[in-house]
Amino acid sequence: MKFIRIAVIAVGFVLVWQVVIYVTAVPPYILPAPSMVFRAARVHSVSLAGHAAITLAEILAGLLLGTLLGTASAIVMIASRSLKRWLLPVLVMSQAIPVFALAPLLVLWLGYGMASKIAMAVLIIFFPVTAAFYDGLRRTQPEWLELARVMNAGHLAVIRQIRIPSAMPAFASGLRVATAVAPIGAVVGEWVGSSKGLGFYMLHANARMQIDLLFAALAVLAILALTLYFSVDIAMHKLVYWQKEDEKEEKESGK
């Protein structure tokens with residue numbers, strides 16, 4: 001049902017797009033018609049697929065590394081108050097400086113390859129995963145912690161067997177947010193300095209006034225981002241299966 005709604009929204013968006021062009025008679029070099037964009041995507045499908053594969057690899061690598069780093073940081077902060085005092089300012093500072101301003105430095109330090117784009121994605125993904133997971137770990141039900149204390153459970157055992165399972169719904173929410181913003185890091189890195197990827201391809205098309213090809217690359221990027229988001233969303237629903245049962249019980253009790 002969710003995918004049907006997305007398809008209906010997409011079709012509606014294309015129809016509105018076509019109506020706007022018909023009513024305003026906007027020139028194609030400003031806003032090309034959907035038919036022109038589809039034609040450009042078909043003609044340049046091979047090159048679009050190649051650049052899309054590069055961008056997807058950057059996003060996936062950044063998502064994996066950012067998730068691992070964010071998860072580890074959240075666990076370290078909940079496990080040690082002294083380390084939390086050191087890590088929390090670093091976490092805040094990582095978001096105080098706009099990642100767009102860091103992009104030229106990352107390209108300068110890590111080169112024009114995939115490393116700088118992955119680093120950009122990691123910087124964007126790191127914060128929502130860490131913040132959401134740490135908040136979930138911190139909000140573990142006091143009754144469970146009290147029961148673990150009465151049973152003389154060790155600190156690490158409490159984290160592993162009580163806090164982490166309890167925080168998984170929050171982790172899933174943070175990962176969904178991170179997945180939605182992950183393409184930003186990769187594309188911004190490609191805009192600053194790259195010779196491959198959809199971001200580079202969009203700049204290349206814009207410089208040659210191939211606006212239909214620019215929109216085609218943008219559409220491919222949107223499809224990649226949506227596919228990745230819903231894949232992670234489905235995976236999180238399967239991983240945190242008890243959250244779905246809790247939501248169902250809440251709805252039934254509300255009735």
# chains A, B, ... in the order shown; residues from 1 in each chain; ligands from 1
call {"tool": "residues_around", "arguments": {"residues": "Gln210 (chain A)", "least_positions_apart": "5", "cutoff": "10 Å", "atoms": "only C-alpha atoms", "output": "number ranges by chain"}}
result
A: 28-29, 32, 40, 202-205, 215-216
call {"tool": "residues_around", "arguments": {"residues": "Ala225 (chain A)", "least_positions_apart": "4", "cutoff": "9 Å", "atoms": "only C-alpha atoms", "output": "list in words"}}
result
Leu56, Thr179, Ala180, Val181, Ala182, Pro183, Val220, Leu221, Tyr229 and Phe230 of chain A
call {"tool": "write_last_selection", "arguments": {"atoms": "N, CA and C atoms", "output": "PDB file, in the first residue's frame"}}
result
ATOM      1  N   LEU A  56      25.979   5.751  -5.215  1.00  0.00           N
ATOM      2  CA  LEU A  56      25.378   4.771  -4.303  1.00  0.00           C
ATOM      3  C   LEU A  56      26.440   4.116  -3.425  1.00  0.00           C
ATOM      4  N   THR A 179      19.627   7.914   6.987  1.00  0.00           N
ATOM      5  CA  THR A 179      19.503   7.415   5.614  1.00  0.00           C
ATOM      6  C   THR A 179      18.917   8.477   4.689  1.00  0.00           C
ATOM      7  N   ALA A 180      17.982   9.262   5.216  1.00  0.00           N
ATOM      8  CA  ALA A 180      17.353  10.294   4.391  1.00  0.00           C
ATOM      9  C   ALA A 180      18.335  11.408   4.023  1.00  0.00           C
ATOM     10  N   VAL A 181      19.277  11.715   4.931  1.00  0.00           N
ATOM     11  CA  VAL A 181      20.209  12.828   4.679  1.00  0.00           C
ATOM     12  C   VAL A 181      21.550  12.357   4.133  1.00  0.00           C
ATOM     13  N   ALA A 182      21.774  11.036   4.100  1.00  0.00           N
ATOM     14  CA  ALA A 182      23.067  10.520   3.644  1.00  0.00           C
ATOM     15  C   ALA A 182      23.455  10.985   2.236  1.00  0.00           C
ATOM     16  N   PRO A 183      22.517  11.017   1.264  1.00  0.00           N
ATOM     17  CA  PRO A 183      22.918  11.456  -0.084  1.00  0.00           C
ATOM     18  C   PRO A 183      23.465  12.881  -0.126  1.00  0.00           C
ATOM     19  N   VAL A 220      17.201  10.404 -10.930  1.00  0.00           N
ATOM     20  CA  VAL A 220      17.876   9.154 -10.560  1.00  0.00           C
ATOM     21  C   VAL A 220      18.349   9.217  -9.108  1.00  0.00           C
ATOM     22  N   LEU A 221      18.886  10.367  -8.718  1.00  0.00           N
ATOM     23  CA  LEU A 221      19.327  10.543  -7.329  1.00  0.00           C
ATOM     24  C   LEU A 221      18.151  10.412  -6.362  1.00  0.00           C
ATOM     25  N   TYR A 229      16.048   4.596   1.497  1.00  0.00           N
ATOM     26  CA  TYR A 229      15.298   4.909   2.724  1.00  0.00           C
ATOM     27  C   TYR A 229      14.275   3.818   3.034  1.00  0.00           C
ATOM     28  N   PHE A 230      13.492   3.428   2.046  1.00  0.00           N
ATOM     29  CA  PHE A 230      12.455   2.429   2.304  1.00  0.00           C
ATOM     30  C   PHE A 230      13.047   1.043   2.554  1.00  0.00           C
TER      31      PHE A 230
END
call {"tool": "atom_distance", "arguments": {"atom1": "CA of Asp135 (chain A)", "atom2": "CA of Ile184 (chain A)"}}
result
24.4 Å
call {"tool": "closest_residue", "arguments": {"among": "A:Ile159, A:Ile124, A:Leu83, A:Ile118", "to": "Pro98 (chain A)", "atoms": "only C-alpha atoms"}}
result
A:Ile124
call {"tool": "atom_distance", "arguments": {"atom1": "CA of Gly193 (chain A)", "atom2": "CA of Ala121 (chain A)"}}
result
14.6 Å
call {"tool": "residues_around", "arguments": {"residues": "Thr130 (chain A)", "least_positions_apart": "2", "cutoff": "12 Å", "atoms": "only C-alpha atoms", "output": "PyMOL selection string"}}
result
chain A and resi 66-78+87-88+90-92+94-95+122-128+132-138+167+170-175+177-178
call {"tool": "select_by_dssp", "arguments": {"residues": "region 63-209 of chain A", "states": "alpha helix (DSSP H)", "output": "PyMOL selection string"}}
result
chain A and resi 63-79+81-96+99-110+114-138+142-150+155-158+164-192+198-207
